[in-house]
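Colleague: Have a peek at entry_3.cif (mmCIF, C-alpha atoms).
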```cif
data_start
loop_
_atom_site.group_PDB
_atom_site.id
_atom_site.type_symbol
_atom_site.label_atom_id
_atom_site.label_comp_id
_atom_site.auth_asym_id
_atom_site.auth_seq_id
_atom_site.Cartn_x
_atom_site.Cartn_y
_atom_site.Cartn_z
ATOM 1 C CA MET A 206 -17.692 0.726 13.852
ATOM 2 C CA ASN A 207 -14.356 0.522 12.071
ATOM 3 C CA LEU A 208 -14.479 -1.707 9.002
ATOM 4 C CA ILE A 209 -11.427 -2.640 6.946
ATOM 5 C CA ILE A 210 -12.089 -4.434 3.674
ATOM 6 C CA ILE A 211 -9.163 -6.563 2.497
ATOM 7 C CA SER A 212 -9.277 -7.413 -1.182
ATOM 8 C CA GLY A 213 -6.890 -8.068 -4.030
ATOM 9 C CA LEU A 214 -5.507 -10.752 -6.259
ATOM 10 C CA SER A 215 -5.368 -14.369 -5.144
ATOM 11 C CA GLY A 216 -1.864 -15.153 -3.924
ATOM 12 C CA SER A 217 -1.083 -11.546 -3.000
ATOM 13 C CA GLY A 218 -1.307 -12.068 0.773
ATOM 14 C CA LYS A 219 -4.902 -11.356 1.796
ATOM 15 C CA SER A 220 -4.893 -14.161 4.368
ATOM 16 C CA VAL A 221 -1.696 -12.804 5.921
ATOM 17 C CA ALA A 222 -3.279 -9.349 6.171
ATOM 18 C CA LEU A 223 -6.424 -10.715 7.822
ATOM 19 C CA ARG A 224 -4.414 -12.764 10.320
ATOM 20 C CA ALA A 225 -2.385 -9.691 11.221
ATOM 21 C CA LEU A 226 -5.574 -7.802 12.070
ATOM 22 C CA GLU A 227 -7.010 -10.795 13.903
ATOM 23 C CA ASP A 228 -3.903 -10.809 16.111
ATOM 24 C CA ILE A 229 -4.826 -7.322 17.342
ATOM 25 C CA ASP A 230 -8.393 -8.330 18.172
ATOM 26 C CA PHE A 231 -10.171 -7.452 14.947
ATOM 27 C CA TYR A 232 -13.224 -9.593 14.266
ATOM 28 C CA CYS A 233 -12.247 -11.066 10.896
ATOM 29 C CA ILE A 234 -14.218 -12.907 8.227
ATOM 30 C CA ASP A 235 -12.560 -14.225 5.073
ATOM 31 C CA ASN A 236 -14.291 -14.574 1.713
ATOM 32 C CA LEU A 237 -17.553 -12.887 2.662
ATOM 33 C CA PRO A 238 -19.861 -12.638 -0.374
ATOM 34 C CA LEU A 239 -20.193 -8.988 -1.228
ATOM 35 C CA SER A 240 -23.972 -9.361 -1.329
ATOM 36 C CA LEU A 241 -23.887 -10.027 2.439
ATOM 37 C CA LEU A 242 -21.599 -7.141 3.412
ATOM 38 C CA ASP A 243 -24.351 -4.606 4.049
ATOM 39 C CA ALA A 244 -26.391 -6.980 6.218
ATOM 40 C CA PHE A 245 -23.275 -8.139 8.067
ATOM 41 C CA ALA A 246 -22.209 -4.567 8.827
ATOM 42 C CA SER A 247 -25.711 -3.716 10.073
ATOM 43 C CA ASP A 248 -25.720 -6.728 12.384
ATOM 44 C CA VAL A 249 -22.310 -5.907 13.870
ATOM 45 C CA GLN A 250 -23.220 -2.243 14.231
ATOM 46 C CA SER A 251 -26.449 -3.106 16.074
ATOM 47 C CA GLN A 252 -24.584 -5.358 18.525
ATOM 48 C CA SER A 253 -21.933 -2.780 19.391
ATOM 49 C CA ASP A 254 -22.191 -1.250 22.843
ATOM 50 C CA SER A 255 -23.195 2.389 22.950
ATOM 51 C CA GLY A 256 -20.143 4.620 22.484
ATOM 52 C CA SER A 257 -17.819 1.729 21.712
ATOM 53 C CA GLN A 258 -15.999 1.118 18.444
ATOM 54 C CA ARG A 259 -16.037 -2.409 17.083
ATOM 55 C CA ASN A 260 -13.083 -3.253 14.847
ATOM 56 C CA VAL A 261 -13.981 -5.546 11.976
ATOM 57 C CA ALA A 262 -12.060 -6.779 8.920
ATOM 58 C CA VAL A 263 -13.596 -8.576 5.963
ATOM 59 C CA GLY A 264 -11.901 -10.356 3.083
ATOM 60 C CA ILE A 265 -13.676 -10.030 -0.273
ATOM 61 C CA ASP A 266 -12.424 -11.644 -3.460
ATOM 62 C CA ALA A 267 -13.467 -12.304 -7.038
ATOM 63 C CA ARG A 268 -15.714 -15.214 -6.088
ATOM 64 C CA SER A 269 -18.487 -12.699 -5.378
ATOM 65 C CA ARG A 270 -20.934 -12.358 -8.246
ATOM 66 C CA PRO A 271 -19.806 -9.934 -10.995
ATOM 67 C CA GLU A 272 -22.987 -7.868 -10.701
ATOM 68 C CA GLN A 273 -22.291 -7.391 -6.989
ATOM 69 C CA LEU A 274 -18.681 -6.383 -7.630
ATOM 70 C CA ASP A 275 -19.926 -3.794 -10.130
ATOM 71 C CA ARG A 276 -21.997 -2.264 -7.309
ATOM 72 C CA PHE A 277 -19.074 -2.001 -4.912
ATOM 73 C CA THR A 278 -18.940 1.809 -5.020
ATOM 74 C CA ASP A 279 -22.625 2.112 -4.096
ATOM 75 C CA ILE A 280 -22.259 -0.434 -1.298
ATOM 76 C CA ILE A 281 -19.271 1.357 0.236
ATOM 77 C CA ASN A 282 -20.939 4.762 -0.026
ATOM 78 C CA GLY A 283 -23.994 3.327 1.702
ATOM 79 C CA LEU A 284 -21.902 2.016 4.601
ATOM 80 C CA LYS A 285 -20.161 5.354 5.032
ATOM 81 C CA ALA A 286 -23.503 7.182 4.959
ATOM 82 C CA ARG A 287 -24.537 5.120 8.014
ATOM 83 C CA GLY A 288 -21.521 6.367 9.950
ATOM 84 C CA ILE A 289 -19.304 3.320 9.450
ATOM 85 C CA ASN A 290 -15.620 4.181 9.189
ATOM 86 C CA CYS A 291 -14.836 2.057 6.140
ATOM 87 C CA LYS A 292 -11.406 1.688 4.527
ATOM 88 C CA VAL A 293 -10.326 -0.525 1.631
ATOM 89 C CA LEU A 294 -6.885 -2.159 1.440
ATOM 90 C CA PHE A 295 -6.072 -3.713 -1.935
ATOM 91 C CA LEU A 296 -3.201 -6.199 -2.317
ATOM 92 C CA GLN A 297 -1.566 -6.997 -5.619
ATOM 93 C CA ALA A 298 1.560 -8.553 -7.122
ATOM 94 C CA ASP A 299 2.994 -8.844 -10.599
ATOM 95 C CA ASP A 300 1.936 -11.760 -12.786
ATOM 96 C CA ALA A 301 5.327 -13.512 -12.628
ATOM 97 C CA THR A 302 5.246 -13.490 -8.813
ATOM 98 C CA LEU A 303 1.678 -14.818 -8.672
ATOM 99 C CA LEU A 304 2.455 -17.593 -11.152
ATOM 100 C CA LYS A 305 5.506 -18.570 -9.114
ATOM 101 C CA ARG A 306 3.571 -18.615 -5.841
ATOM 102 C CA PHE A 307 0.799 -20.823 -7.202
ATOM 103 C CA SER A 308 3.395 -23.128 -8.740
ATOM 104 C CA GLU A 309 5.331 -23.447 -5.477
ATOM 105 C CA THR A 310 2.293 -23.987 -3.247
ATOM 106 C CA ARG A 311 0.428 -26.108 -5.826
ATOM 107 C CA ARG A 312 -2.768 -24.334 -4.821
ATOM 108 C CA LYS A 313 -5.575 -23.875 -7.323
ATOM 109 C CA HIS A 314 -6.520 -20.368 -8.339
ATOM 110 C CA PRO A 315 -10.233 -19.832 -7.537
ATOM 111 C CA LEU A 316 -11.002 -18.809 -11.131
ATOM 112 C CA SER A 317 -8.856 -21.359 -12.947
ATOM 113 C CA GLY A 318 -10.121 -24.630 -14.366
ATOM 114 C CA THR A 319 -9.707 -27.141 -17.154
ATOM 115 C CA ALA A 320 -10.705 -24.501 -19.719
ATOM 116 C CA THR A 321 -9.044 -21.526 -17.951
ATOM 117 C CA PRO A 322 -5.248 -21.536 -17.557
ATOM 118 C CA LEU A 323 -3.704 -19.798 -14.551
ATOM 119 C CA ALA A 324 -2.484 -16.760 -16.513
ATOM 120 C CA ASP A 325 -5.980 -16.182 -17.907
ATOM 121 C CA ALA A 326 -7.500 -16.607 -14.446
ATOM 122 C CA ILE A 327 -5.230 -13.854 -13.098
ATOM 123 C CA ASP A 328 -6.317 -11.550 -15.931
ATOM 124 C CA ASP A 329 -9.984 -12.340 -15.283
ATOM 125 C CA GLU A 330 -9.578 -11.685 -11.573
ATOM 126 C CA THR A 331 -7.871 -8.331 -12.185
ATOM 127 C CA ARG A 332 -10.794 -7.257 -14.367
ATOM 128 C CA LEU A 333 -13.460 -8.468 -11.926
ATOM 129 C CA LEU A 334 -11.840 -6.695 -8.967
ATOM 130 C CA SER A 335 -11.363 -3.376 -10.777
ATOM 131 C CA PRO A 336 -14.403 -1.757 -9.032
ATOM 132 C CA ILE A 337 -12.825 -2.558 -5.653
ATOM 133 C CA ALA A 338 -9.409 -1.364 -6.777
ATOM 134 C CA ALA A 339 -10.979 1.909 -7.914
ATOM 135 C CA ASN A 340 -12.203 2.523 -4.351
ATOM 136 C CA ALA A 341 -9.023 1.440 -2.543
ATOM 137 C CA ASP A 342 -7.608 3.740 0.113
ATOM 138 C CA MET A 343 -4.232 2.048 -0.096
ATOM 139 C CA PHE A 344 -2.490 -0.401 -2.418
ATOM 140 C CA ILE A 345 0.252 -2.768 -1.319
ATOM 141 C CA ASP A 346 2.336 -4.524 -3.947
ATOM 142 C CA THR A 347 3.645 -7.709 -2.339
ATOM 143 C CA SER A 348 5.869 -8.808 -5.242
ATOM 144 C CA ARG A 349 9.001 -8.058 -3.198
ATOM 145 C CA THR A 350 7.434 -8.086 0.266
ATOM 146 C CA ASN A 351 7.885 -10.918 2.735
ATOM 147 C CA VAL A 352 5.319 -11.967 5.336
ATOM 148 C CA HIS A 353 6.807 -9.847 8.129
ATOM 149 C CA GLN A 354 7.009 -6.707 5.986
ATOM 150 C CA LEU A 355 3.416 -7.178 4.862
ATOM 151 C CA ARG A 356 2.248 -7.511 8.455
ATOM 152 C CA ASP A 357 4.064 -4.271 9.327
ATOM 153 C CA LEU A 358 2.427 -2.431 6.427
ATOM 154 C CA VAL A 359 -1.013 -3.707 7.437
ATOM 155 C CA MET A 360 -0.392 -2.567 11.020
ATOM 156 C CA GLU A 361 0.546 0.890 9.790
ATOM 157 C CA PHE A 362 -2.548 0.995 7.582
ATOM 158 C CA GLN A 363 -4.740 0.029 10.517
ATOM 159 C CA GLY A 364 -3.082 2.603 12.762
ATOM 160 C CA LYS A 365 -3.708 5.422 10.290
ATOM 161 C CA SER A 366 -7.164 4.340 9.114
ATOM 162 C CA GLY A 367 -8.930 6.226 11.882
ATOM 163 C CA SER A 368 -7.087 9.450 11.177
ATOM 164 C CA ASN A 369 -8.518 12.266 9.086
ATOM 165 C CA ARG A 370 -5.042 13.245 7.908
ATOM 166 C CA VAL A 371 -3.312 12.100 4.755
ATOM 167 C CA SER A 372 -0.923 9.198 5.315
ATOM 168 C CA LEU A 373 2.198 9.741 3.219
ATOM 169 C CA LEU A 374 4.348 6.720 2.399
ATOM 170 C CA LEU A 375 7.875 7.694 1.340
ATOM 171 C CA ARG A 376 9.750 4.755 -0.173
ATOM 172 C CA SER A 377 13.226 4.370 -1.621
ATOM 173 C CA PHE A 378 13.973 1.673 -4.198
ATOM 174 C CA GLY A 379 16.469 0.585 -6.824
ATOM 175 C CA PHE A 380 15.448 0.740 -10.471
ATOM 176 C CA LYS A 381 17.502 -2.366 -11.227
ATOM 177 C CA HIS A 382 15.089 -4.317 -9.000
ATOM 178 C CA GLY A 383 11.941 -2.868 -10.578
ATOM 179 C CA VAL A 384 9.623 0.062 -9.920
ATOM 180 C CA PRO A 385 7.060 -0.356 -7.075
ATOM 181 C CA ALA A 386 3.741 -0.851 -8.831
ATOM 182 C CA ASP A 387 1.646 0.618 -6.004
ATOM 183 C CA SER A 388 3.145 4.126 -6.095
ATOM 184 C CA ASP A 389 1.161 7.267 -6.857
ATOM 185 C CA PHE A 390 4.313 9.183 -7.811
ATOM 186 C CA VAL A 391 7.729 7.910 -8.895
ATOM 187 C CA PHE A 392 10.815 10.157 -8.964
ATOM 188 C CA ASP A 393 14.092 9.183 -10.632
ATOM 189 C CA ALA A 394 17.238 10.249 -8.752
ATOM 190 C CA ARG A 395 19.691 8.439 -11.048
ATOM 191 C CA CYS A 396 20.731 11.770 -12.552
ATOM 192 C CA LEU A 397 22.411 12.749 -9.275
ATOM 193 C CA PRO A 398 26.092 12.099 -8.458
ATOM 194 C CA ASN A 399 26.408 8.513 -7.258
ATOM 195 C CA PRO A 400 28.161 7.892 -3.902
ATOM 196 C CA HIS A 401 28.755 4.329 -5.074
ATOM 197 C CA TRP A 402 31.735 5.574 -7.073
ATOM 198 C CA GLN A 403 33.343 7.018 -3.948
ATOM 199 C CA PRO A 404 35.322 4.099 -2.425
ATOM 200 C CA ALA A 405 34.852 5.365 1.142
ATOM 201 C CA LEU A 406 31.059 5.565 0.687
ATOM 202 C CA ARG A 407 30.380 2.447 -1.387
ATOM 203 C CA ASN A 408 29.487 0.176 1.526
ATOM 204 C CA LEU A 409 27.472 2.840 3.375
ATOM 205 C CA THR A 410 23.856 3.887 2.782
ATOM 206 C CA GLY A 411 21.921 7.113 2.535
ATOM 207 C CA MET A 412 21.192 6.798 6.246
ATOM 208 C CA ASP A 413 24.870 7.359 7.066
ATOM 209 C CA ARG A 414 26.157 10.857 7.831
ATOM 210 C CA GLU A 415 29.061 10.593 5.385
ATOM 211 C CA VAL A 416 26.749 9.899 2.446
ATOM 212 C CA ALA A 417 24.409 12.717 3.467
ATOM 213 C CA GLU A 418 27.305 15.165 3.706
ATOM 214 C CA TYR A 419 28.565 14.129 0.274
ATOM 215 C CA LEU A 420 25.173 14.694 -1.354
ATOM 216 C CA GLU A 421 24.567 17.919 0.551
ATOM 217 C CA GLY A 422 27.749 19.192 -1.063
ATOM 218 C CA GLU A 423 26.438 18.525 -4.578
ATOM 219 C CA PRO A 424 24.418 21.450 -6.052
ATOM 220 C CA LEU A 425 22.412 19.122 -8.299
ATOM 221 C CA ALA A 426 21.358 16.994 -5.304
ATOM 222 C CA ARG A 427 20.270 20.085 -3.377
ATOM 223 C CA GLN A 428 18.256 21.327 -6.343
ATOM 224 C CA PHE A 429 16.604 17.917 -6.815
ATOM 225 C CA TYR A 430 15.627 17.767 -3.141
ATOM 226 C CA ASP A 431 14.262 21.318 -3.128
ATOM 227 C CA SER A 432 12.051 20.474 -6.130
ATOM 228 C CA LEU A 433 10.728 17.360 -4.387
ATOM 229 C CA GLU A 434 9.935 19.207 -1.174
ATOM 230 C CA THR A 435 8.227 22.037 -3.065
ATOM 231 C CA PHE A 436 6.095 19.574 -5.030
ATOM 232 C CA LEU A 437 4.934 17.692 -1.951
ATOM 233 C CA THR A 438 4.299 20.700 0.280
ATOM 234 C CA THR A 439 2.336 22.326 -2.552
ATOM 235 C CA TRP A 440 0.130 19.398 -3.497
ATOM 236 C CA ILE A 441 -0.411 17.406 -0.285
ATOM 237 C CA PRO A 442 -3.028 19.937 0.968
ATOM 238 C CA HIS A 443 -4.906 19.555 -2.318
ATOM 239 C CA PHE A 444 -4.983 15.755 -1.977
ATOM 240 C CA GLU A 445 -6.210 16.187 1.589
ATOM 241 C CA ALA A 446 -8.942 18.585 0.444
ATOM 242 C CA ASP A 447 -10.042 15.924 -2.052
ATOM 243 C CA ASN A 448 -10.523 13.468 0.852
ATOM 244 C CA ARG A 449 -7.505 11.408 -0.168
ATOM 245 C CA SER A 450 -6.426 9.172 2.723
ATOM 246 C CA TYR A 451 -3.158 7.705 1.434
ATOM 247 C CA LEU A 452 -0.411 8.916 -0.857
ATOM 248 C CA SER A 453 2.554 6.789 -1.903
ATOM 249 C CA VAL A 454 5.737 8.457 -3.200
ATOM 250 C CA ALA A 455 8.602 6.306 -4.492
ATOM 251 C CA ILE A 456 12.090 7.681 -5.069
ATOM 252 C CA GLY A 457 14.508 5.500 -6.990
ATOM 253 C CA CYS A 458 18.182 5.398 -7.805
ATOM 254 C CA THR A 459 20.181 2.612 -9.430
ATOM 255 C CA GLY A 460 20.566 0.250 -6.482
ATOM 256 C CA GLY A 461 18.321 1.840 -3.853
ATOM 257 C CA GLN A 462 21.153 2.233 -1.368
ATOM 258 C CA HIS A 463 22.460 5.807 -1.407
ATOM 259 C CA ARG A 464 20.676 8.637 -3.229
ATOM 260 C CA SER A 465 17.069 7.506 -2.890
ATOM 261 C CA VAL A 466 17.549 6.565 0.771
ATOM 262 C CA TYR A 467 19.096 9.943 1.537
ATOM 263 C CA LEU A 468 16.207 11.793 -0.141
ATOM 264 C CA VAL A 469 13.535 9.784 1.705
ATOM 265 C CA GLU A 470 15.249 10.321 5.056
ATOM 266 C CA LYS A 471 15.561 14.067 4.521
ATOM 267 C CA LEU A 472 11.986 14.428 3.259
ATOM 268 C CA ALA A 473 10.643 12.524 6.272
ATOM 269 C CA ARG A 474 12.431 14.936 8.617
ATOM 270 C CA GLN A 475 11.503 18.106 6.754
ATOM 271 C CA LEU A 476 7.845 17.215 6.155
ATOM 272 C CA ASP A 477 7.255 16.163 9.745
ATOM 273 C CA SER A 478 5.807 19.606 10.506
ATOM 274 C CA LEU A 479 3.021 19.138 7.935
ATOM 275 C CA PRO A 480 -0.394 17.811 9.045
ATOM 276 C CA VAL A 481 0.307 14.366 7.544
ATOM 277 C CA ASP A 482 1.131 10.940 8.961
ATOM 278 C CA ILE A 483 4.483 9.959 7.486
ATOM 279 C CA MET A 484 5.607 6.380 6.890
ATOM 280 C CA LYS A 485 8.958 5.558 5.322
ATOM 281 C CA ARG A 486 10.322 2.395 3.759
ATOM 282 C CA HIS A 487 13.695 1.515 2.218
ATOM 283 C CA ARG A 488 12.819 -1.441 0.027
ATOM 284 C CA GLU A 489 16.313 -2.598 -0.891
ATOM 285 C CA LEU A 490 17.719 -2.121 2.622
ATOM 286 C CA GLU A 491 14.954 -4.286 4.115
#
```
Represent the structure from my file as structure tokens, please.
Modeller:
Amino acid sequence: MNLIIISGLSGSGKSVALRALEDIDFYCIDNLPLSLLDAFASDVQSQSDSGSQRNVAVGIDARSRPEQLDRFTDIINGLKARGINCKVLFLQADDATLLKRFSETRRKHPLSGTATPLADAIDDETRLLSPIAANADMFIDTSRTNVHQLRDLVMEFQGKSGSNRVSLLLRSFGFKHGVPADSDFVFDARCLPNPHWQPALRNLTGMDREVAEYLEGEPLARQFYDSLETFLTTWIPHFEADNRSYLSVAIGCTGGQHRSVYLVEKLARQLDSLPVDIMKRHRELE
């Protein structure tokens, strides 16, 4: 049995994630009380045909009782001990984005009320869900992610969730648009020569040959890349040995168009020989 638990902050896109899995024939249940998860998993597991793998996704949010949420680690470990392939996907967004989404949709936050303003409800929810976040295999920050991009990320998560190899997400971004909050490592490439100041390269991106050739000709860019590759090739095996499933690396430059894109593209090619599943994203180009 393959079980994906979708959790995260209200307004971060949990329903979109569940619908994406439902579209590929996952049996999905939204807002299952955590106290029922163990019994539900046992029932599904007992109904599965011998040798077959049932794909199930469950949405769990802060409406479960606090004492149950505090036991999340024990519950997950118990499921895994019974041979259930269990992965946790945690969705989040920054407070400003969540406030804007609730304002635009005029939906009520599940923890808000006459005595609890929306901002306080978001803080309460973050605290209540911390045991789930601590067990997450992958985080997705949806602050700058549209519905289609979120669906793609969920599909990639589902595709890698049955693999025993580390899934490495390489992502370029622009610092002027904010740092991705769901990154394990963030590297700053703004110290490198900027192709933006070369008129012939300004309207190109790091995916174009001319930009790559320009940066390849800069000693500082070569040194920066070599350091990145050495870091990742050295430490990825250690993360894998620690049973880490997902690793997110963000590389930023000023606008997220040239230097960071070039570095992500080159890393994806060079690291392809490692025993990892590589995903790449160019946030500002998307």
Colleague: Taking (-9.0, -14.3, -13.4) as a centre in this file's frame and 10 Å as the limit, can you find every polymer residue with an atom that close, using all atoms listed in the file, and give them as JSON, numbers by chain?
Modeller: {"A": [214, 215, 267, 268, 314, 315, 316, 317, 321, 322, 323, 324, 325, 326, 327, 328, 329, 330, 331, 332, 333, 334]}
Colleague: Which residue gives the smallest distance to A:Leu294 among A:Val221, A:Leu476, A:Leu241, A:Ile209, with all atoms listed in the file counted?
Modeller: A:Ile209
Colleague: Step by step, work through what the PyMOL selection byres ((chain A and resi 239) around 9) selects in the shown file, and finish by giving those residues as a list in words.
Modeller: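 Evaluating the PyMOL selection byres ((chain A and resi 239) around 9) on this file yields Asn236, Leu237, Pro238, Ser240, Leu241, Leu242, Asp243, Ile265, Asp266, Ser269, Arg270, Gln273, Leu274, Phe277 and Ile280 of chain A.
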Colleague: Please evaluate the PyMOL selection byres ((chain A and resi 475) around 12) against the displayed coordinates and give the resulting residues as a list in words.
Modeller: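 On the file shown, the PyMOL selection byres ((chain A and resi 475) around 12) covers Tyr430, Asp431, Leu433, Glu434, Thr435, Leu437, Thr438, Leu468, Val469, Glu470, Lys471, Leu472, Ala473, Arg474, Leu476, Asp477, Ser478, Leu479, Val481 and Ile483 of chain A.
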Colleague: Excluding A:Gln363 and its own-chain neighbours fewer than 4 positions away, which residues fall within 9 Å of it when counting only C-alpha atoms? Please give them as a list in words.
Modeller: Ile209, Leu226, Leu358, Val359 and Gly367 of chain A
Colleague: How far is it from atom CA of A:Asp389 to atom CA of A:Ser453, in Å with one decimal?
Modeller: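 Pair atom CA of A:Asp389 / atom CA of A:Ser453 returns 5.2 Å.
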Colleague: Which value, in Å to one decimal, gives the distance between atom CA of A:Glu445 and atom CA of A:Asp346?
Modeller: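 So the two atoms, atom CA of A:Glu445 and atom CA of A:Asp346, lie 23.1 Å apart.
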Colleague: Run the PyMOL selection byres ((chain A and resi 369-384) around 6) against the file shown and list the residues it catches, as a JSON list (two decimals) with C-alpha atoms, keeping the file's coordinate frame.
Modeller:
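Writing done, so here's out05.json:
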```
[["chain", "number", "residue", "atom", "x", "y", "z"],
["A", 368, "SER", "CA", -7.09, 9.45, 11.18],
["A", 385, "PRO", "CA", 7.06, -0.36, -7.08],
["A", 445, "GLU", "CA", -6.21, 16.19, 1.59],
["A", 450, "SER", "CA", -6.43, 9.17, 2.72],
["A", 451, "TYR", "CA", -3.16, 7.70, 1.43],
["A", 452, "LEU", "CA", -0.41, 8.92, -0.86],
["A", 453, "SER", "CA", 2.55, 6.79, -1.90],
["A", 454, "VAL", "CA", 5.74, 8.46, -3.20],
["A", 455, "ALA", "CA", 8.60, 6.31, -4.49],
["A", 456, "ILE", "CA", 12.09, 7.68, -5.07],
["A", 457, "GLY", "CA", 14.51, 5.50, -6.99],
["A", 458, "CYS", "CA", 18.18, 5.40, -7.80],
["A", 459, "THR", "CA", 20.18, 2.61, -9.43],
["A", 460, "GLY", "CA", 20.57, 0.25, -6.48],
["A", 461, "GLY", "CA", 18.32, 1.84, -3.85],
["A", 465, "SER", "CA", 17.07, 7.51, -2.89],
["A", 466, "VAL", "CA", 17.55, 6.56, 0.77],
["A", 481, "VAL", "CA", 0.31, 14.37, 7.54],
["A", 482, "ASP", "CA", 1.13, 10.94, 8.96],
["A", 483, "ILE", "CA", 4.48, 9.96, 7.49],
["A", 484, "MET", "CA", 5.61, 6.38, 6.89],
["A", 485, "LYS", "CA", 8.96, 5.56, 5.32],
["A", 486, "ARG", "CA", 10.32, 2.40, 3.76],
["A", 487, "HIS", "CA", 13.70, 1.52, 2.22],
["A", 488, "ARG", "CA", 12.82, -1.44, 0.03],
["A", 489, "GLU", "CA", 16.31, -2.60, -0.89]]
```
